[in-house]
Amino acid sequence: MLKKTVEDICNRQIEREGFSANLYLAMASWAETNGMSGVAQWLYAQAEEEKLHMLKFMKYINERGGKAVIPALEKPRSEFNDIEDVFREVLNHEEFVTGSINEIVSLTLEEKDFNTHNFLQWFVFEQVEEEASVRTILDKIKLLGKTNMYQFDRDIMSLRSPAASSQPTA
Ligand code: FEO
């Protein structure tokens, strides 16, 4: 049985993963309507992963005797200056999510909830992968320069890491 403190913080994470999915969908829509179908494809795939992260938390809470709650989500930003602006925002957001996961890990140690601690390890590794993948993209944008966005848009899907494209079991 989950302690209430752990249940609540895991429910907070459901909201954050759901917001991540919506943020990346908003970015995908911006990219798609600005002629960058490759970038949009990357962001749609990322949004799908975030939905799976949300589901993983939902199923975990319910399996451990808690109740997953589906939250109302804040409207994400939908306008961006350029592609670098998009991926800087993705990185900022992923760093925020990493901090959020680390707070849950820390609470599970305080509460001596080693089952949840174990469950969270998948997310700890996933965050390392996600941040690294976005930093690689920002490096490529810097290398190519903003004048060569055609090539960047064409090649971006090849920058998805194998771990990022794997489907977690929800
Ligand atoms: Fe589910 Fe990208 O953090």
# chains A, B, ... in the order shown; residues from 1 in each chain; ligands from 1

$ residues_around --residues "Lys140 of chain A" --least-positions-apart "6" --cutoff "10 Å" --atoms "only C-alpha atoms" --output "VMD selection string"
chain A and resid 134 152 156 159

$ residues_around --residues "Ala26 of chain A" --least-positions-apart "2" --cutoff "10 Å" --atoms "only C-alpha atoms" --output "MDAnalysis selection string"
chainID A and resid 20:24 28:32 40 43:44 47 75:79

$ closest_atom_pairs --of "chain A" --to "ligand 1" --cutoff "9 Å" --atoms "only C-alpha atoms and all ligand atoms" --output "Markdown table"
| residue | atom | partner | partner_atom_place_in_ligand_line | distance |
| --- | --- | --- | --- | --- |
| A:Gln13 | CA | ligand 1 | 1 (Fe) | 8.9 |
| A:Arg16 | CA | ligand 1 | 1 (Fe) | 7.9 |
| A:Glu17 | CA | ligand 1 | 1 (Fe) | 5.2 |
| A:Gly18 | CA | ligand 1 | 1 (Fe) | 8.5 |
| A:Ser20 | CA | ligand 1 | 2 (Fe) | 6.6 |
| A:Ala21 | CA | ligand 1 | 1 (Fe) | 8.1 |
| A:Gln46 | CA | ligand 1 | 2 (Fe) | 7.5 |
| A:Ala47 | CA | ligand 1 | 2 (Fe) | 8.4 |
| A:Glu49 | CA | ligand 1 | 1 (Fe) | 7.0 |
| A:Glu50 | CA | ligand 1 | 1 (Fe) | 4.7 |
| A:Lys51 | CA | ligand 1 | 1 (Fe) | 7.9 |
| A:Leu52 | CA | ligand 1 | 1 (Fe) | 8.1 |
| A:His53 | CA | ligand 1 | 1 (Fe) | 5.3 |
| A:Met54 | CA | ligand 1 | 1 (Fe) | 7.4 |
| A:Val90 | CA | ligand 1 | 2 (Fe) | 8.5 |
| A:His93 | CA | ligand 1 | 2 (Fe) | 7.8 |
| A:Glu94 | CA | ligand 1 | 2 (Fe) | 5.4 |
| A:Glu95 | CA | ligand 1 | 3 (O) | 8.8 |
| A:Phe96 | CA | ligand 1 | 3 (O) | 8.9 |
| A:Val97 | CA | ligand 1 | 3 (O) | 5.7 |
| A:Thr98 | CA | ligand 1 | 3 (O) | 7.3 |
| A:Ile101 | CA | ligand 1 | 3 (O) | 8.9 |
| A:Phe123 | CA | ligand 1 | 1 (Fe) | 7.6 |
| A:Glu126 | CA | ligand 1 | 3 (O) | 7.6 |
| A:Gln127 | CA | ligand 1 | 3 (O) | 6.3 |
| A:Glu130 | CA | ligand 1 | 2 (Fe) | 6.2 |
| A:Glu131 | CA | ligand 1 | 2 (Fe) | 8.2 |

$ write_last_selection --atoms "N, CA and C atoms" --output "PDB file, in the first residue's frame"
ATOM      1  N   GLN A  13       3.240  13.823 -10.532  1.00  0.00           N
ATOM      2  CA  GLN A  13       4.035  13.483 -11.711  1.00  0.00           C
ATOM      3  C   GLN A  13       3.140  13.123 -12.905  1.00  0.00           C
ATOM      4  N   ARG A  16       2.519  16.288 -14.517  1.00  0.00           N
ATOM      5  CA  ARG A  16       3.703  16.828 -15.213  1.00  0.00           C
ATOM      6  C   ARG A  16       4.005  16.074 -16.502  1.00  0.00           C
ATOM      7  N   GLU A  17       3.781  14.763 -16.493  1.00  0.00           N
ATOM      8  CA  GLU A  17       4.008  13.988 -17.722  1.00  0.00           C
ATOM      9  C   GLU A  17       2.924  14.333 -18.748  1.00  0.00           C
ATOM     10  N   GLY A  18       1.698  14.527 -18.261  1.00  0.00           N
ATOM     11  CA  GLY A  18       0.602  14.916 -19.165  1.00  0.00           C
ATOM     12  C   GLY A  18       0.866  16.280 -19.770  1.00  0.00           C
ATOM     13  N   SER A  20       3.792  17.570 -20.236  1.00  0.00           N
ATOM     14  CA  SER A  20       4.902  17.386 -21.189  1.00  0.00           C
ATOM     15  C   SER A  20       4.343  16.954 -22.549  1.00  0.00           C
ATOM     16  N   ALA A  21       3.415  15.988 -22.532  1.00  0.00           N
ATOM     17  CA  ALA A  21       2.825  15.502 -23.790  1.00  0.00           C
ATOM     18  C   ALA A  21       2.149  16.658 -24.522  1.00  0.00           C
ATOM     19  N   GLN A  46       7.821  12.252 -29.366  1.00  0.00           N
ATOM     20  CA  GLN A  46       8.149  12.591 -27.979  1.00  0.00           C
ATOM     21  C   GLN A  46       6.881  12.701 -27.127  1.00  0.00           C
ATOM     22  N   ALA A  47       5.849  13.305 -27.719  1.00  0.00           N
ATOM     23  CA  ALA A  47       4.574  13.436 -26.999  1.00  0.00           C
ATOM     24  C   ALA A  47       3.994  12.058 -26.673  1.00  0.00           C
ATOM     25  N   GLU A  49       5.675   9.358 -26.127  1.00  0.00           N
ATOM     26  CA  GLU A  49       6.453   8.809 -25.005  1.00  0.00           C
ATOM     27  C   GLU A  49       5.990   9.394 -23.678  1.00  0.00           C
ATOM     28  N   GLU A  50       5.691  10.690 -23.698  1.00  0.00           N
ATOM     29  CA  GLU A  50       5.253  11.322 -22.450  1.00  0.00           C
ATOM     30  C   GLU A  50       3.925  10.746 -21.978  1.00  0.00           C
ATOM     31  N   LYS A  51       3.066  10.412 -22.945  1.00  0.00           N
ATOM     32  CA  LYS A  51       1.787   9.788 -22.558  1.00  0.00           C
ATOM     33  C   LYS A  51       2.048   8.428 -21.906  1.00  0.00           C
ATOM     34  N   LEU A  52       3.032   7.710 -22.452  1.00  0.00           N
ATOM     35  CA  LEU A  52       3.373   6.415 -21.853  1.00  0.00           C
ATOM     36  C   LEU A  52       3.963   6.582 -20.454  1.00  0.00           C
ATOM     37  N   HIS A  53       4.734   7.664 -20.263  1.00  0.00           N
ATOM     38  CA  HIS A  53       5.273   7.923 -18.914  1.00  0.00           C
ATOM     39  C   HIS A  53       4.118   8.168 -17.935  1.00  0.00           C
ATOM     40  N   MET A  54       3.140   8.938 -18.401  1.00  0.00           N
ATOM     41  CA  MET A  54       1.979   9.233 -17.568  1.00  0.00           C
ATOM     42  C   MET A  54       1.257   7.920 -17.200  1.00  0.00           C
ATOM     43  N   VAL A  90      12.460  22.668 -24.817  1.00  0.00           N
ATOM     44  CA  VAL A  90      12.381  21.225 -24.516  1.00  0.00           C
ATOM     45  C   VAL A  90      13.416  20.882 -23.439  1.00  0.00           C
ATOM     46  N   HIS A  93      12.452  22.163 -20.066  1.00  0.00           N
ATOM     47  CA  HIS A  93      11.360  21.379 -19.514  1.00  0.00           C
ATOM     48  C   HIS A  93      11.857  20.017 -19.013  1.00  0.00           C
ATOM     49  N   GLU A  94      12.722  19.371 -19.797  1.00  0.00           N
ATOM     50  CA  GLU A  94      13.233  18.060 -19.365  1.00  0.00           C
ATOM     51  C   GLU A  94      14.067  18.191 -18.096  1.00  0.00           C
ATOM     52  N   GLU A  95      14.799  19.289 -17.954  1.00  0.00           N
ATOM     53  CA  GLU A  95      15.572  19.502 -16.720  1.00  0.00           C
ATOM     54  C   GLU A  95      14.623  19.658 -15.520  1.00  0.00           C
ATOM     55  N   PHE A  96      13.512  20.326 -15.782  1.00  0.00           N
ATOM     56  CA  PHE A  96      12.485  20.460 -14.740  1.00  0.00           C
ATOM     57  C   PHE A  96      11.932  19.086 -14.353  1.00  0.00           C
ATOM     58  N   VAL A  97      11.654  18.258 -15.360  1.00  0.00           N
ATOM     59  CA  VAL A  97      11.104  16.916 -15.095  1.00  0.00           C
ATOM     60  C   VAL A  97      12.133  16.061 -14.336  1.00  0.00           C
ATOM     61  N   THR A  98      13.404  16.185 -14.715  1.00  0.00           N
ATOM     62  CA  THR A  98      14.452  15.438 -13.997  1.00  0.00           C
ATOM     63  C   THR A  98      14.441  15.825 -12.515  1.00  0.00           C
ATOM     64  N   ILE A 101      11.453  14.179 -10.842  1.00  0.00           N
ATOM     65  CA  ILE A 101      11.672  12.742 -10.572  1.00  0.00           C
ATOM     66  C   ILE A 101      12.609  12.591  -9.366  1.00  0.00           C
ATOM     67  N   PHE A 123      12.798   5.794 -14.712  1.00  0.00           N
ATOM     68  CA  PHE A 123      12.649   7.218 -15.045  1.00  0.00           C
ATOM     69  C   PHE A 123      13.963   7.976 -14.853  1.00  0.00           C
ATOM     70  N   GLU A 126      15.860   7.227 -17.918  1.00  0.00           N
ATOM     71  CA  GLU A 126      15.165   7.834 -19.062  1.00  0.00           C
ATOM     72  C   GLU A 126      15.476   9.337 -19.136  1.00  0.00           C
ATOM     73  N   GLN A 127      15.510  10.001 -17.977  1.00  0.00           N
ATOM     74  CA  GLN A 127      15.782  11.442 -17.981  1.00  0.00           C
ATOM     75  C   GLN A 127      17.197  11.733 -18.468  1.00  0.00           C
ATOM     76  N   GLU A 130      16.931  11.447 -22.193  1.00  0.00           N
ATOM     77  CA  GLU A 130      16.154  12.515 -22.825  1.00  0.00           C
ATOM     78  C   GLU A 130      16.941  13.822 -22.858  1.00  0.00           C
ATOM     79  N   GLU A 131      17.582  14.145 -21.752  1.00  0.00           N
ATOM     80  CA  GLU A 131      18.366  15.390 -21.735  1.00  0.00           C
ATOM     81  C   GLU A 131      19.515  15.302 -22.736  1.00  0.00           C
TER      82      GLU A 131
END

$ closest_residue --among "A:Asn92, A:Ser158, A:Asn81, A:Asn115" --to "Asn34 of chain A" --atoms "only C-alpha atoms"
A:Asn81

$ closest_residue --among "A:Glu84, A:Gly145, A:Glu111, A:Asn11" --to "Met27 of chain A" --atoms "only C-alpha atoms"
A:Glu84

$ select_by_dssp --residues "chain A" --states "alpha helix (DSSP H)" --output "VMD selection string"
chain A and resid 4 to 32 37 to 63 83 to 110 114 to 144 149 to 155 162 to 165

$ closest_residue --among "A:Ser100, A:Thr136, A:Thr116, A:Gln121" --to "Glu15 of chain A" --atoms "only C-alpha atoms"
A:Ser100

$ closest_residue --among "A:Val6, A:Leu120, A:Leu107, A:Met1" --to "Gly65 of chain A" --atoms "only C-alpha atoms"
A:Met1

$ residues_around --residues "Leu2 of chain A" --least-positions-apart "4" --cutoff "10 Å" --atoms "only C-alpha atoms" --output "ChimeraX atom specification"
/A:6-8,60-67,113,115-116

$ closest_residue --among "A:Phe87, A:Phe57, A:Ile137, A:Arg12" --to "Trp122 of chain A" --atoms "only C-alpha atoms"
A:Phe57

$ atom_distance --atom1 "atom CA of His117 of chain A" --atom2 "atom CA of Glu103 of chain A"
11.1 Å

$ closest_residue --among "A:Leu25, A:Met157, A:Ala132, A:Ala68" --to "Cys10 of chain A" --atoms "only C-alpha atoms"
A:Ala68
